[in-house]
Amino acid sequence: MRVAPAQLLRFLTTRLLSSAVVLLGVLVVVFALVHLVPGDPVRLALGTRYTPEAYEALRAASGLDRSLPEQFASYLGHALTGDLGVSFRNGQPVTTTLLQRLPATLSLAITGLVIALVISVPAGVYSALREGRVSDMIVRLTSQFGVSVPDFWLGMLLISLFSVTLGLLPASGYVALTDDPVGWLRQVTLPGVTVGLVAGAIMTRYIRAAVIDVASAGYIRTAVSKGLPRRVVVSRHIVRGALVPVLTIAGIQLATILGGVIVVEVVFAWPGLGRLVYDAVAARDYPLIQGAVLLVAVMFIVVNLIVDVLYAVVDPRIRAA
Amino acid sequence: MSILRVRDLRVAIGATEIVKGVDFEVDRGQTLGIVGESGSGKSMTVLAATGLIDAPARRVTGSSLLQIASRDAPVELVGATDRTLRSVHGDAMGFVFQDPSTSLNPYLTVGRQIAESLEVHRGLTRRAAHNRSIALLESVGIPDAGARVDAYPHQFSGGQRQRVMIAIALACDPALLIADEPTTALDVTTQAQIIDLVQRLQHDRGAAVVWISHDLGVIGQVADEVLVLRHGETVEQRPLAEVYDDPRHVYTKELLAARPRVVAAGGPASEPGAGPLLEVAELDVRFAVQTPAGRRTVHAVDGVSFTVRRGTTLALVGESGSGKSTIANALTGLVRPHAGAATLADAEGPGVRDVLRAKRRDRRRIAMVFQDPFASIDPRRTVADTVAEPLRVHRLGGATPAARAARVRELLELVDLDPAFAARYPHELSGGQRQRVSIARALALEPELVILDEATASLDVSVQARILALLRRLQVEQGLTYLFIAHDLAIVQQMSHEVVVLRGGKVVEAAPAAELFAHPREEYTRALLAAVPPERPRVRS
Amino acid sequence: MSQNTAPRTGGSPAPAAPSARLAPWRLFAANPLTVAAAIALAVVVLASVLAPWIAPAGINEIDISRALAPPGPDHWFGTDELGRDVFSRVLLAGSTSLTIAVMAVTIALVLGLVIGIVAGYAGGWADAALMRVVDVMFAFPVLLLALAIIAIFQPGMLTTTIAIGVVYTPIFARVVRASTLSLRTAPFVQVSQTMGTPAASILRRHVLPNIGGPVVVQTSLSLAFAILSEAALSFLGLGIQPPSPSWGGMLFTAQGFLAQAWWMSVFPGAAIFVTALAFTLLGDGLRDGLDPRQRTIIEARHGERRRERVAAALARAGRGRTDQTAGGER
């Protein structure tokens, strides 16, 4: 693989800097979220447990007694070192709680993404290559259905069918992958399929559009004019050309999945970040909400950085002058 | 012996018939030139005849027989199975397409793309194919082939990419080479090199060549036999010399007459004593270009100076990257120059007005006509609206809408368009008609200087001739001054009083047109002139 | 830059024979799915608007004695755990959901238009700054950000609308910016700039009319997603608050009765599904209508069908008419 080191370094540095700027913006937004709360967040969080002492203690602990810029600087400093404060509800460090629940969400999100890719890449490519024909129409219609179905409804229907009626799979519960892979697989199937089907439908549409775009490029006609077998034209030329947009889509979809698992985790009682946020919102536990939102945004930024690096691997125009 | 024999070829897309019964054949060692303007169906004909067509809802009828040495019976290509077609594509037939920047896969090395056909058709191993690719790159004139074989297409220039395309097409030593407008997107000097290369390779291998072009000059250099197409029908099919010396059909005569040529004493009469209108001094323009890898600075215009005299035409000539369009953009305020000055002589008094930092009022004095007739007019506005825009912005042509409408009609007549066109939309007009609208819009400004940036480069030859005639007439009648930007030296000679030759952002030579064409001083100017396809076709052995 | 970047054009008008060019609405109508979607949407909107009059029961007509009754002649969609008529509640919930979706997308559209046009047309630091802001907003998953916003301000119809609107602005901004960017370098816009046309005039007369297409497509698709987002928020209890009925809220309650009362989950979910599907199909149909490649496919198919009809008509007309030409086919 040809690489021009200076150019590649420049590219990666630019992307890193860009990500850093977005990260800063994210931190500002997350910080602002809590400080936009009308009324007194500490009082609201304490609710019925309010006592003047508890109020002062919580207020000091949350640093809400200092000026705004001071608070932001302090928040920034803490956040960058991994300290996201303490939960209003149970006093546990937010970071610890988040990290406890992260594996569950990750295993669900990745399962969903894998299922989505397995569905969407073949379907998108197949449909794009048969553009205008009946098989294309069918794939399009199916993906339009998939995009329009509410994920929580789909989850409920799947539970209704597979758990209640057929009794094949569990409706809720969680087993860690590291503890019992088979058990985990049983538990993750229904929620994973729910996430995967909807994400798959969305991705099929994008992949189809990307492949149609590439298939009409001049170099595809050149490849055909060489008399190459169809299989080679598709795999070596068309798919290769569509890799960059597909990578982009996969990256963005991961973000959507990370946010969308909230509802699925609620339906399936899956103890992940989504469920955590849901409970935190109900309890007005602002530090926890803040921390969870920040974590998800950071994951999104990291995923996109990885996608950027993969661009450089795939596209020689980026890595070699 | 015919390599390819086509009889009664018909192609229809949906309800429209594009090709209406065309016959031709090509022999070993021969070149058939297929010439036609846009809409003539020349590409469609050849794509259908070679089984490469892929437009949706197409129907192809007729016969196209390919004679391959290794088989006794010729292969019928019309209606052939995919398998049959795949076996001849790349093996018995090689293809070179028009646009080198999109015809090569940007993600694969050049060597890989050449080696593919060798692996598939000749069963070579990776290594053997790789070595053969190096040899092929050498034969098409790529220097340092051993190292370049692992480079990617974006690392080559346009001309070099076209050489790579030729190497790909000839990899399996095909009996037939199809070249679809292979030099249209290239500079005129590169075009000459590619023409030489193809002819040399053809001579060495004895292949038959089908060369498609809209340019009669190019056809005159490459073809043995010429097929003229129009609206999908054969107009004339004769040996080269006969087509040029004794054209039978009216259309062929029209094409030949419309073709711009560099002639001994061509060009408009000189305008003695005209004072300077536009003075450009040490214009310098630099761009920051954003590539995927970071920013680069391009020095597009480097210390260019020239003077345009009132009522005359000054031509800026150069190949791509010479900076000629950038100069125009700087003069009209689309681009901010790094340094330099440009001033317009004041019509009333002796003073001059700065052009580069002109206010809106002064923008009226320079009008611009762009190259692309499709993109130069807002597709959602009527012709009247487009032509009236300058009137609205600068409050010309009268105070009332009725007065302005009358002025619009007047302007349309001035450019030989029926005033009824005012209510039409751009998609209802042809390319030539759209350019006339662009010219009318430019005239609506009542400008002192009109910049024509490759204004006829996208038009068919016959249409171009008419538009150029219109421009010359308007210059004489209205006393207009033109800054004429072009790469085609023949039309430059027709239109200009003075010529400035640009290369890489710098002025190479500047002289009155007559002098430049008769006695070019610089080597580069001579090379440009030499590369222009000659008036008389080359007699080939 | 290549010399001849524009396609060569000649003396005849650009389009093919007149019979092959179809008016936009014709293209739109050529796809039966899109027509079906438009009709379905009209039905949904009509039903929602007329709901207060056509619903057999009210929002909260509790009748425990008839709780969890399956669908039947009295209750087309059955009853829920409090004996309320599911059909009526589904109908009445429709108007709230649709209102929120439309209002939210309008907010997103207007904000996105402003941001996108400024960023795309002005370029430079304005573009860079605005796009960084959009990038930051994109880093937050839609639902999460909406949740956070609603968590801060109290849940309710207004908050939900604003949350969804804010969260969907980035996509509109990006779409508008992309279109504006490509227009900014279009020769006809550059010509206007060279002749000194004021920027506001260029934006109004040249840019806005030409970005209409992608914006309309995005609007339709965003409406579909807005319906889904509102349903999800109501499902989580953070959207429309009881006693106002919402499809999402009905589904949340239905979770507890999955085994006993399938009708409680199927019908509200189907309502969300059908509405979102109609918007999606509409958006796709519009996108196809605007895409030149699809146009050719549709026009070609249209031409073929016409030819077949004419041929069939001729065949039916009998053999004695062989001298009659198939008018207007070529």
# chains A, B, ... in the order shown; residues from 1 in each chain; ligands from 1
call {"tool": "interface_residues", "arguments": {"of": "chain C", "to": "chain A", "cutoff": "7 Å", "atoms": "only C-alpha atoms", "output": "compact mmCIF listing (two decimals) with C-alpha atoms, in the first residue's frame"}}
result
# COMPACT_ATOMS: atom_id res chain seq x y z
CA ARG C 132 -18.95 23.10 13.23
CA ASP C 135 -21.30 18.83 13.43
CA VAL C 136 -21.64 19.13 17.19
CA ALA C 139 -22.73 14.04 17.43
CA PHE C 140 -25.80 13.58 19.61
CA PRO C 141 -28.23 10.84 18.63
CA VAL C 142 -31.62 12.34 17.88
CA LEU C 143 -33.59 10.64 20.59
CA LEU C 144 -30.99 11.21 23.27
CA ALA C 151 -35.83 16.37 30.74
CA ILE C 152 -34.71 19.90 31.35
CA PHE C 153 -37.85 21.72 30.40
CA LEU C 228 -41.65 8.11 14.81
CA LEU C 258 -49.05 -8.25 25.53
CA ALA C 259 -50.35 -11.74 26.23
CA GLY C 269 -48.54 0.75 16.33
CA PHE C 273 -46.48 2.67 10.92
CA ALA C 276 -44.73 7.13 8.70
CA LEU C 277 -44.82 4.79 5.70
CA THR C 280 -41.64 7.87 3.40
call {"tool": "interface_residues", "arguments": {"of": "chain A", "to": "chain B", "cutoff": "8 Å", "atoms": "only C-alpha atoms", "output": "mmCIF file with C-alpha atoms, in the first residue's frame"}}
result
data_model
loop_
_atom_site.group_PDB
_atom_site.id
_atom_site.type_symbol
_atom_site.label_atom_id
_atom_site.label_comp_id
_atom_site.auth_asym_id
_atom_site.auth_seq_id
_atom_site.Cartn_x
_atom_site.Cartn_y
_atom_site.Cartn_z
ATOM 1 C CA GLN A 7 0.346 13.847 3.341
ATOM 2 C CA LEU A 8 -1.148 11.106 5.469
ATOM 3 C CA ARG A 10 -1.450 16.079 7.512
ATOM 4 C CA PHE A 11 -4.772 14.403 6.832
ATOM 5 C CA THR A 14 -6.578 17.768 10.394
ATOM 6 C CA ALA A 217 -19.219 5.964 -13.054
ATOM 7 C CA GLY A 218 -17.018 5.960 -16.136
ATOM 8 C CA TYR A 219 -14.552 3.447 -14.786
ATOM 9 C CA ILE A 220 -17.244 0.813 -14.451
ATOM 10 C CA ARG A 221 -17.869 1.038 -18.170
ATOM 11 C CA THR A 222 -14.146 0.632 -18.704
ATOM 12 C CA VAL A 224 -17.062 -3.943 -18.510
ATOM 13 C CA SER A 225 -15.339 -3.088 -21.779
ATOM 14 C CA LYS A 226 -12.422 -5.266 -20.726
ATOM 15 C CA GLY A 227 -14.706 -8.266 -20.741
ATOM 16 C CA LEU A 228 -14.237 -8.963 -17.051
ATOM 17 C CA PRO A 229 -16.663 -11.439 -15.479
ATOM 18 C CA HIS A 237 -14.751 -2.231 -9.012
ATOM 19 C CA ARG A 240 -14.569 -0.954 -3.918
ATOM 20 C CA GLY A 241 -15.900 2.317 -5.240
ATOM 21 C CA VAL A 314 -9.310 2.657 1.224
ATOM 22 C CA ASP A 315 -8.740 5.773 -0.864
ATOM 23 C CA PRO A 316 -5.243 6.196 -2.313
ATOM 24 C CA ARG A 317 -5.963 9.811 -3.177
ATOM 25 C CA ILE A 318 -5.927 10.612 0.514
ATOM 26 C CA ARG A 319 -2.773 8.794 1.528
ATOM 27 C CA ALA A 321 0.160 12.359 -3.473
#
call {"tool": "closest_atom_pairs", "arguments": {"of": "chain B", "to": "chain C", "cutoff": "6 Å", "atoms": "only C-alpha atoms", "output": "tab-separated table"}}
result
residue	atom	partner	partner_atom	distance
B:Gly14	CA	C:Ala300	CA	4.2
B:Ala15	CA	C:Gly303	CA	5.1
B:Thr16	CA	C:Arg330	CA	5.8
B:Ser38	CA	C:Thr9	CA	5.5
B:Ala185	CA	C:Asn4	CA	5.7
B:Ser320	CA	C:Met1	CA	5.8
B:Thr332	CA	C:Thr194	CA	5.3
B:Arg360	CA	C:Gly196	CA	4.9
B:Arg363	CA	C:Met195	CA	5.4
B:Arg364	CA	C:Met195	CA	5.8
B:Asp372	CA	C:Ala6	CA	5.8
B:Ala375	CA	C:Pro187	CA	5.6
B:Ser376	CA	C:Phe188	CA	4.2
B:Ile377	CA	C:Phe188	CA	4.9
B:Asp378	CA	C:Phe188	CA	5.7
B:Val393	CA	C:Thr197	CA	5.9
B:Glu428	CA	C:Pro13	CA	5.9
B:Leu429	CA	C:Pro13	CA	5.1
B:Ser430	CA	C:Pro13	CA	4.0
B:Gly431	CA	C:Thr9	CA	5.2
B:Ser458	CA	C:Arg8	CA	4.8
B:Leu459	CA	C:Thr9	CA	5.1
B:Asp460	CA	C:Gly10	CA	5.0
call {"tool": "write_last_selection", "arguments": {"atoms": "C-alpha atoms", "output": "PDB file, in the first residue's frame"}}
result
ATOM      1  CA  GLY B  14     -38.022   3.818 -25.134  1.00  0.00           C
ATOM      2  CA  ALA B  15     -40.159   5.353 -27.826  1.00  0.00           C
ATOM      3  CA  THR B  16     -37.379   7.270 -29.585  1.00  0.00           C
ATOM      4  CA  SER B  38     -24.375  16.183 -30.918  1.00  0.00           C
ATOM      5  CA  ALA B 185     -10.939  16.374 -23.276  1.00  0.00           C
ATOM      6  CA  SER B 320      -5.902  24.199 -19.364  1.00  0.00           C
ATOM      7  CA  THR B 332     -15.396  40.535 -13.062  1.00  0.00           C
ATOM      8  CA  ARG B 360     -21.996  47.576  -8.248  1.00  0.00           C
ATOM      9  CA  ARG B 363     -19.999  46.207 -12.759  1.00  0.00           C
ATOM     10  CA  ARG B 364     -22.171  47.253 -15.629  1.00  0.00           C
ATOM     11  CA  ASP B 372     -21.740  26.200 -20.798  1.00  0.00           C
ATOM     12  CA  ALA B 375     -25.633  26.144 -16.929  1.00  0.00           C
ATOM     13  CA  SER B 376     -25.400  29.830 -17.886  1.00  0.00           C
ATOM     14  CA  ILE B 377     -29.121  30.466 -17.656  1.00  0.00           C
ATOM     15  CA  ASP B 378     -31.365  29.840 -14.654  1.00  0.00           C
ATOM     16  CA  VAL B 393     -30.409  45.748 -11.510  1.00  0.00           C
ATOM     17  CA  GLU B 428     -37.053  24.493 -24.696  1.00  0.00           C
ATOM     18  CA  LEU B 429     -34.081  26.077 -26.428  1.00  0.00           C
ATOM     19  CA  SER B 430     -31.121  24.532 -28.212  1.00  0.00           C
ATOM     20  CA  GLY B 431     -27.536  25.143 -27.111  1.00  0.00           C
ATOM     21  CA  SER B 458     -19.404  23.587 -26.060  1.00  0.00           C
ATOM     22  CA  LEU B 459     -21.288  24.163 -29.284  1.00  0.00           C
ATOM     23  CA  ASP B 460     -21.391  22.049 -32.391  1.00  0.00           C
TER      24      ASP B 460
END
call {"tool": "select_by_dssp", "arguments": {"residues": "stretch 191-231 of chain B", "states": "alpha helix (DSSP H)", "output": "list of chain:residue names"}}
result
B:Gln191, B:Ala192, B:Gln193, B:Ile194, B:Ile195, B:Asp196, B:Leu197, B:Val198, B:Gln199, B:Arg200, B:Leu201, B:Gln202, B:His203, B:Asp204, B:Arg205, B:Leu216, B:Gly217, B:Val218, B:Ile219, B:Gly220, B:Gln221, B:Val222
call {"tool": "write_last_selection", "arguments": {"atoms": "C-alpha atoms", "output": "short mmCIF file (atom, residue, chain, number, x, y, z; two decimals), in the first residue's frame"}}
result
data_model
loop_
_atom_site.label_atom_id
_atom_site.label_comp_id
_atom_site.auth_asym_id
_atom_site.auth_seq_id
_atom_site.Cartn_x
_atom_site.Cartn_y
_atom_site.Cartn_z
CA GLN B 191 -4.07 15.61 -28.55
CA ALA B 192 -1.41 15.61 -31.25
CA GLN B 193 0.75 13.26 -29.20
CA ILE B 194 -2.09 10.82 -28.61
CA ILE B 195 -3.01 10.80 -32.28
CA ASP B 196 0.59 9.99 -33.14
CA LEU B 197 0.72 7.26 -30.54
CA VAL B 198 -2.43 5.52 -31.74
CA GLN B 199 -1.31 5.64 -35.34
CA ARG B 200 2.09 4.21 -34.48
CA LEU B 201 0.61 1.40 -32.42
CA GLN B 202 -1.90 0.64 -35.15
CA HIS B 203 0.89 0.47 -37.69
CA ASP B 204 2.90 -1.87 -35.47
CA ARG B 205 0.04 -4.25 -34.69
CA LEU B 216 -13.39 17.12 -38.65
CA GLY B 217 -9.84 18.30 -38.21
CA VAL B 218 -8.97 15.33 -36.01
CA ILE B 219 -10.77 12.95 -38.34
CA GLY B 220 -8.75 14.40 -41.18
CA GLN B 221 -5.57 13.36 -39.40
CA VAL B 222 -6.53 9.84 -38.44
#
call {"tool": "atom_distance", "arguments": {"atom1": "atom CA of C:Val266", "atom2": "atom CA of C:Gly94"}}
result
15.3 Å
call {"tool": "closest_residue", "arguments": {"among": "A:Leu190, A:Val139, A:Leu158, A:Ala104", "to": "A:Tyr174", "atoms": "only C-alpha atoms"}}
result
A:Ala104
call {"tool": "atom_distance", "arguments": {"atom1": "atom CA of B:Leu445", "atom2": "atom CA of C:Leu208"}}
result
24.5 Å
call {"tool": "atom_distance", "arguments": {"atom1": "atom CA of C:Ala67", "atom2": "atom CA of C:Ile54"}}
result
22.1 Å
call {"tool": "select_by_dssp", "arguments": {"residues": "stretch 230-459 of chain B", "states": "strand (DSSP E or B)", "output": "PyMOL selection string"}}
result
chain B and resi 230+233-239+276-291+294-309+313-317+339-345+352-354+366-369+449-453+459
call {"tool": "residues_around", "arguments": {"residues": "C:Asn60", "least_positions_apart": "2", "cutoff": "8 Å", "atoms": "only C-alpha atoms", "output": "list of chain:residue names"}}
result
C:Gly58, C:Ile62, C:Arg84, C:Pro243
call {"tool": "residues_around", "arguments": {"residues": "C:Val175", "least_positions_apart": "6", "cutoff": "12 Å", "atoms": "only C-alpha atoms", "output": "list in words"}}
result
Ala108, Leu109, Gly112, Leu113, Val114, Ile115, Gly116, Ile117, Ala119, Gly120, Met131, Val134, Tyr168, Thr169, Leu181, Ser182, Ile211, Gly212, Gly213, Pro214, Val215, Val216, Val217, Gln218, Thr219 and Ser222 of chain C
call {"tool": "write_last_selection", "arguments": {"atoms": "N, CA and C atoms", "output": "PDB file, in the first residue's frame"}}
result
ATOM      1  N   ALA C 108     -37.590  22.995  12.016  1.00  0.00           N
ATOM      2  CA  ALA C 108     -36.326  22.490  11.479  1.00  0.00           C
ATOM      3  C   ALA C 108     -36.069  23.033  10.086  1.00  0.00           C
ATOM      4  N   LEU C 109     -37.108  23.086   9.285  1.00  0.00           N
ATOM      5  CA  LEU C 109     -36.974  23.553   7.908  1.00  0.00           C
ATOM      6  C   LEU C 109     -36.537  25.011   7.871  1.00  0.00           C
ATOM      7  N   GLY C 112     -33.048  25.365   9.398  1.00  0.00           N
ATOM      8  CA  GLY C 112     -32.091  24.720   8.508  1.00  0.00           C
ATOM      9  C   GLY C 112     -31.873  25.521   7.236  1.00  0.00           C
ATOM     10  N   LEU C 113     -32.945  26.105   6.698  1.00  0.00           N
ATOM     11  CA  LEU C 113     -32.830  26.924   5.499  1.00  0.00           C
ATOM     12  C   LEU C 113     -31.909  28.110   5.749  1.00  0.00           C
ATOM     13  N   VAL C 114     -32.159  28.793   6.856  1.00  0.00           N
ATOM     14  CA  VAL C 114     -31.354  29.972   7.146  1.00  0.00           C
ATOM     15  C   VAL C 114     -29.883  29.597   7.317  1.00  0.00           C
ATOM     16  N   ILE C 115     -29.648  28.604   8.173  1.00  0.00           N
ATOM     17  CA  ILE C 115     -28.261  28.196   8.414  1.00  0.00           C
ATOM     18  C   ILE C 115     -27.614  27.710   7.132  1.00  0.00           C
ATOM     19  N   GLY C 116     -28.323  26.857   6.408  1.00  0.00           N
ATOM     20  CA  GLY C 116     -27.762  26.251   5.200  1.00  0.00           C
ATOM     21  C   GLY C 116     -27.464  27.269   4.124  1.00  0.00           C
ATOM     22  N   ILE C 117     -28.374  28.210   3.910  1.00  0.00           N
ATOM     23  CA  ILE C 117     -28.147  29.196   2.851  1.00  0.00           C
ATOM     24  C   ILE C 117     -26.992  30.117   3.223  1.00  0.00           C
ATOM     25  N   ALA C 119     -24.502  29.494   5.267  1.00  0.00           N
ATOM     26  CA  ALA C 119     -23.251  28.732   5.199  1.00  0.00           C
ATOM     27  C   ALA C 119     -22.863  28.447   3.756  1.00  0.00           C
ATOM     28  N   GLY C 120     -23.816  28.044   2.950  1.00  0.00           N
ATOM     29  CA  GLY C 120     -23.506  27.651   1.582  1.00  0.00           C
ATOM     30  C   GLY C 120     -23.174  28.827   0.693  1.00  0.00           C
ATOM     31  N   MET C 131     -21.022  25.190  10.270  1.00  0.00           N
ATOM     32  CA  MET C 131     -20.939  23.740  10.054  1.00  0.00           C
ATOM     33  C   MET C 131     -20.334  23.035  11.268  1.00  0.00           C
ATOM     34  N   VAL C 134     -23.217  22.551  13.468  1.00  0.00           N
ATOM     35  CA  VAL C 134     -24.030  21.448  12.961  1.00  0.00           C
ATOM     36  C   VAL C 134     -23.361  20.116  13.265  1.00  0.00           C
ATOM     37  N   TYR C 168     -33.838  18.061  14.509  1.00  0.00           N
ATOM     38  CA  TYR C 168     -33.854  17.784  13.076  1.00  0.00           C
ATOM     39  C   TYR C 168     -33.289  18.914  12.236  1.00  0.00           C
ATOM     40  N   THR C 169     -32.941  20.026  12.855  1.00  0.00           N
ATOM     41  CA  THR C 169     -32.394  21.145  12.081  1.00  0.00           C
ATOM     42  C   THR C 169     -31.103  20.785  11.344  1.00  0.00           C
ATOM     43  N   LEU C 181     -24.348  25.318  -2.093  1.00  0.00           N
ATOM     44  CA  LEU C 181     -22.938  25.293  -2.480  1.00  0.00           C
ATOM     45  C   LEU C 181     -22.785  25.010  -3.957  1.00  0.00           C
ATOM     46  N   SER C 182     -23.537  24.027  -4.451  1.00  0.00           N
ATOM     47  CA  SER C 182     -23.387  23.692  -5.858  1.00  0.00           C
ATOM     48  C   SER C 182     -23.965  24.799  -6.725  1.00  0.00           C
ATOM     49  N   ILE C 211     -33.323  25.203  -5.069  1.00  0.00           N
ATOM     50  CA  ILE C 211     -33.048  24.178  -4.061  1.00  0.00           C
ATOM     51  C   ILE C 211     -34.335  23.519  -3.605  1.00  0.00           C
ATOM     52  N   GLY C 212     -35.457  23.947  -4.182  1.00  0.00           N
ATOM     53  CA  GLY C 212     -36.752  23.425  -3.760  1.00  0.00           C
ATOM     54  C   GLY C 212     -36.835  21.911  -3.745  1.00  0.00           C
ATOM     55  N   GLY C 213     -36.312  21.290  -4.793  1.00  0.00           N
ATOM     56  CA  GLY C 213     -36.443  19.850  -4.933  1.00  0.00           C
ATOM     57  C   GLY C 213     -35.932  19.053  -3.744  1.00  0.00           C
ATOM     58  N   PRO C 214     -34.618  19.110  -3.487  1.00  0.00           N
ATOM     59  CA  PRO C 214     -34.100  18.330  -2.356  1.00  0.00           C
ATOM     60  C   PRO C 214     -34.762  18.701  -1.028  1.00  0.00           C
ATOM     61  N   VAL C 215     -35.127  19.977  -0.873  1.00  0.00           N
ATOM     62  CA  VAL C 215     -35.749  20.388   0.387  1.00  0.00           C
ATOM     63  C   VAL C 215     -37.111  19.728   0.564  1.00  0.00           C
ATOM     64  N   VAL C 216     -37.885  19.675  -0.509  1.00  0.00           N
ATOM     65  CA  VAL C 216     -39.206  19.044  -0.413  1.00  0.00           C
ATOM     66  C   VAL C 216     -39.068  17.565  -0.067  1.00  0.00           C
ATOM     67  N   VAL C 217     -38.105  16.902  -0.716  1.00  0.00           N
ATOM     68  CA  VAL C 217     -37.888  15.475  -0.433  1.00  0.00           C
ATOM     69  C   VAL C 217     -37.521  15.282   1.034  1.00  0.00           C
ATOM     70  N   GLN C 218     -36.588  16.111   1.514  1.00  0.00           N
ATOM     71  CA  GLN C 218     -36.144  15.974   2.895  1.00  0.00           C
ATOM     72  C   GLN C 218     -37.284  16.250   3.856  1.00  0.00           C
ATOM     73  N   THR C 219     -38.151  17.209   3.516  1.00  0.00           N
ATOM     74  CA  THR C 219     -39.295  17.525   4.373  1.00  0.00           C
ATOM     75  C   THR C 219     -40.184  16.312   4.549  1.00  0.00           C
ATOM     76  N   SER C 222     -38.414  13.746   6.673  1.00  0.00           N
ATOM     77  CA  SER C 222     -38.314  14.180   8.070  1.00  0.00           C
ATOM     78  C   SER C 222     -39.659  14.097   8.764  1.00  0.00           C
TER      79      SER C 222
END
call {"tool": "closest_residue", "arguments": {"among": "A:Ala199, A:Phe268, A:Val193, A:Ala176", "to": "A:Leu102", "atoms": "only C-alpha atoms"}}
result
A:Ala176
call {"tool": "closest_residue", "arguments": {"among": "B:Thr400, B:Ser462, B:Ser325, B:Ser496", "to": "B:Leu256", "atoms": "only C-alpha atoms"}}
result
B:Ser462
call {"tool": "residues_around", "arguments": {"residues": "B:Glu319", "least_positions_apart": "4", "cutoff": "8 Å", "atoms": "only C-alpha atoms", "output": "list in words"}}
result
Asp187, Val188, His487, Leu502 and Arg503 of chain B; Gln3 of chain C
call {"tool": "residues_around", "arguments": {"residues": "A:Arg130", "least_positions_apart": "5", "cutoff": "12 Å", "atoms": "only C-alpha atoms", "output": "ChimeraX atom specification"}}
result
/A:123-125,135-140,208,211-212,215 /B:56
call {"tool": "write_last_selection", "arguments": {"atoms": "C-alpha atoms", "output": "short mmCIF file (atom, residue, chain, number, x, y, z; two decimals), in the first residue's frame"}}
result
data_model
loop_
_atom_site.label_atom_id
_atom_site.label_comp_id
_atom_site.auth_asym_id
_atom_site.auth_seq_id
_atom_site.Cartn_x
_atom_site.Cartn_y
_atom_site.Cartn_z
CA ALA A 123 -29.57 -6.19 -0.22
CA GLY A 124 -28.31 -2.74 -1.15
CA VAL A 125 -25.81 -4.02 -3.69
CA SER A 135 -36.45 -7.40 -7.50
CA ASP A 136 -35.25 -3.84 -6.91
CA MET A 137 -38.83 -2.70 -6.28
CA ILE A 138 -39.31 -5.44 -3.73
CA VAL A 139 -36.13 -4.59 -1.85
CA ARG A 140 -37.03 -0.90 -1.94
CA ARG A 208 -28.38 1.21 -2.69
CA VAL A 211 -23.88 1.69 -5.38
CA ILE A 212 -26.15 3.12 -8.08
CA ALA A 215 -22.26 1.83 -11.06
CA PRO B 56 -32.39 1.21 -19.86
#
call {"tool": "residues_around", "arguments": {"residues": "B:Thr312", "least_positions_apart": "4", "cutoff": "8 Å", "atoms": "only C-alpha atoms", "output": "ChimeraX atom specification"}}
result
/B:271,308,475,480-482,496-497
call {"tool": "decode", "arguments": {"residues": "stretch 234-254 of chain C", "atoms": "C-alpha atoms", "output": "PDB file, in the first residue's frame"}}
result
ATOM      1  CA  SER C 234     -44.586   9.509  24.153  1.00  0.00           C
ATOM      2  CA  PHE C 235     -43.784   5.857  24.653  1.00  0.00           C
ATOM      3  CA  LEU C 236     -41.126   6.874  27.158  1.00  0.00           C
ATOM      4  CA  GLY C 237     -43.591   9.116  28.898  1.00  0.00           C
ATOM      5  CA  LEU C 238     -41.832  12.311  27.864  1.00  0.00           C
ATOM      6  CA  GLY C 239     -43.935  13.399  24.946  1.00  0.00           C
ATOM      7  CA  ILE C 240     -47.657  13.952  25.038  1.00  0.00           C
ATOM      8  CA  GLN C 241     -48.860  13.701  28.602  1.00  0.00           C
ATOM      9  CA  PRO C 242     -52.014  11.912  29.771  1.00  0.00           C
ATOM     10  CA  PRO C 243     -54.946  12.378  29.626  1.00  0.00           C
ATOM     11  CA  SER C 244     -54.213  13.451  26.019  1.00  0.00           C
ATOM     12  CA  PRO C 245     -54.014  10.218  24.085  1.00  0.00           C
ATOM     13  CA  SER C 246     -50.916   9.421  22.073  1.00  0.00           C
ATOM     14  CA  TRP C 247     -50.084   6.419  19.960  1.00  0.00           C
ATOM     15  CA  GLY C 248     -46.748   5.993  21.725  1.00  0.00           C
ATOM     16  CA  GLY C 249     -48.327   6.268  25.139  1.00  0.00           C
ATOM     17  CA  MET C 250     -50.938   3.673  24.235  1.00  0.00           C
ATOM     18  CA  LEU C 251     -48.173   1.320  23.221  1.00  0.00           C
ATOM     19  CA  PHE C 252     -46.403   1.792  26.529  1.00  0.00           C
ATOM     20  CA  THR C 253     -49.488   0.731  28.406  1.00  0.00           C
ATOM     21  CA  ALA C 254     -50.006  -2.129  25.982  1.00  0.00           C
TER      22      ALA C 254
END
